[in-house]
Amino acid sequence: MNPQELKAIMSHGLLSFPLTDFDANGDFNKKGYIERLEWLAPYGATALFAAGGTGEFFSLTGDEYPEIIQTAVDTCRGKVPIIAGAGGPTRFAIQCAQAAERAGAHGILLLPHYLTEAGQEGLIAHVEAVCKSVRFGVIVYNRNVCKLTPESLAILADRCPNLIGFKDGIGDIELMSSIYMKMGDRFAYLGGLPTAEVYAAAYKALGTPVYSSAVFNFIPKTAMDFYHAVANDDMATQHRLLKRFFMPYLAIRNKGQGYAVSIVKAGAKLVGHDAGPVRAPLTDLKPAEMEALDALIKALGPQ
Ligand SMILES: O=C([O-])C(=O)C[C@H](O)[C@@H](O)C(=O)[O-]
């Protein structure tokens with residue numbers, strides 16, 4: 001798939017980030033991952049991001065990464081495009097990006113480089129090096145230590161024709177608006193804040209309606225219902241689901257650092273699609289938190 005084809009896919013619909021399955025020892029569980037993707041693929045997401053944030057990219061080794069991406073590509077071939085997470089140090093991100101291209105993924109989401117702060121010049125050099133190491137499309141993810149300005153994105157867009165997408169995980173409306181006003185349709189935009197449903201109507205009003213859903217991992221029908229409500233400006237359905245599910249869900253999610261991922265693994269377990277424990281430094285939900293989440297999910301009815 002060429003970068004422009006990926007951009008077209010990214011420009012509509014609901015996208016999602018599947019969990020990565022681990023066994024009781026914390027090792028990659030290929031069988032569970034295949035079953036997960038086979039379960040989720042028919043629900044209608046436009047693309048799935050393998051080994052993204054919710055897929056615990058930041059906890060994967062370079063040895064296991066290619067197998068995870070290959071498994072996703074093979075399982076979803078002909079059903080739904082696979083975009084691979086990549087990130088960390090520039091050279092590691094390049095290894096991931098190239099492994100994903102070899103595996104037949106349709107592009108990468110470039111996650112932050114981690115730990116150290118960096119100036120715009122360094123961030124530009126990092127993103128440019130990764131973009132130039134592959135031919136397929138790249139989506140850059142603004143979050144934490146990677147906070148590219150509109151000016152930096154314009155420089156990158158000039159230098160890197162295959163940089164086709166921008167994912168926002170910061171939620172600074174002034175910054176997002178400035179980026180969209182400067183870059184317009186040069187990029188496809190993805191609203192990717194944790195529990196992105198909560199921001200969906202606001203981002204749509206801004207002009208960038210596409211978002212990714214992590215809760216799709218355990219309540220795919222509700223995630224799609226919410227997406228259709230956003231697409232149709234059906235505020236009554238959005239508000240009903242926000243009040244009944246998403247607001248109490250946030251109250252549980254906000255009890256622990258890193259719970260934006262842990263709670264999704266907890267949800268998958270509760271609906272009978274256990275993806276195993278999270279890897280350290282994340283921690284799993286406590287029993288009382290699991291119980292509260294279970295009640296919320298059950299109140300939604302069958303998925
Ligand atoms: O890797 C990531 O940043 C994500 O997992 C994005 C999520 O889908 C986010 O949009 C969410 O939690 O709904």
# chains A, B, ... in the order shown; residues from 1 in each chain; ligands from 1
>>> select_by_dssp(residues="range 36-232 of chain A", states="strand (DSSP E or B)", output="PyMOL selection string")
chain A and resi 47-50+82-86+107-110+137-143+146+163-168+188-191+211-213
>>> select_by_dssp(residues="range 178-280 of chain A", states="alpha helix (DSSP H)", output="ChimeraX atom specification")
/A:178-183,200-206,220-231,235-241,247-253,259-270
>>> residues_around(residues="range 161-163 of chain A", least_positions_apart="2", cutoff="7 Å", atoms="only C-alpha atoms", output="number ranges by chain")
A: 3, 131, 135-139, 157-159, 165
>>> residues_near_ligand(ligand="ligand 1", cutoff="7 Å", atoms="only C-alpha atoms and all ligand atoms", output="list in words")
Ser16, Phe17, Gly52, Gly53, Thr54, Gly55, Gly169, Gly191, Gly192, Leu193, Pro194, Thr195, Ala196, Glu197, Tyr211, Ser212, Ser213, Ala214, Val215 and Ala260 of chain A
>>> residues_around(residues="range 58-72 of chain A", least_positions_apart="2", cutoff="10 Å", atoms="only C-alpha atoms", output="ChimeraX atom specification")
/A:18,20-21,27-31,33-34,36-38,48-56,74-77,80-88,92-93,95-105,111-114,278-282
>>> closest_residue(among="A:Gly276, A:Gly256, A:Pro248, A:Gly78", to="Ala295 in chain A", atoms="only C-alpha atoms")
A:Pro248
>>> closest_residue(among="A:Leu109, A:Leu285, A:Leu300, A:Leu156", to="His126 in chain A", atoms="only C-alpha atoms")
A:Leu156
>>> residues_around(residues="Ser152 in chain A", least_positions_apart="6", cutoff="9 Å", atoms="only C-alpha atoms", output="count of residues only")
4
>>> closest_residue(among="A:Gly13, A:Gly119, A:Glu289, A:Phe216", to="Leu250 in chain A", atoms="only C-alpha atoms")
A:Glu289
>>> closest_residue(among="A:Tyr141, A:Thr90, A:His106, A:Glu5", to="Glu128 in chain A", atoms="only C-alpha atoms")
A:Thr90
>>> residues_around(residues="Leu270 in chain A", least_positions_apart="3", cutoff="9 Å", atoms="only C-alpha atoms", output="list in words")
Phe218, Lys265, Ala266, Gly267, His273, Asp274, Met290, Leu293, Asp294 and Ile297 of chain A
>>> atom_distance(atom1="CA of Asn254 in chain A", atom2="CA of Ala268 in chain A")
18.2 Å
>>> closest_residue(among="A:Lys221, A:Lys204, A:Lys298, A:Lys269", to="His12 in chain A", atoms="only C-alpha atoms")
A:Lys204
>>> closest_residue(among="A:Val140, A:Leu148, A:Ile173, A:Phe187", to="Ile9 in chain A", atoms="only C-alpha atoms")
A:Phe187
>>> atom_distance(atom1="CA of Gly184 in chain A", atom2="CA of Ser11 in chain A")
12.3 Å
>>> atom_distance(atom1="CA of Gly301 in chain A", atom2="CA of Ile263 in chain A")
18.8 Å
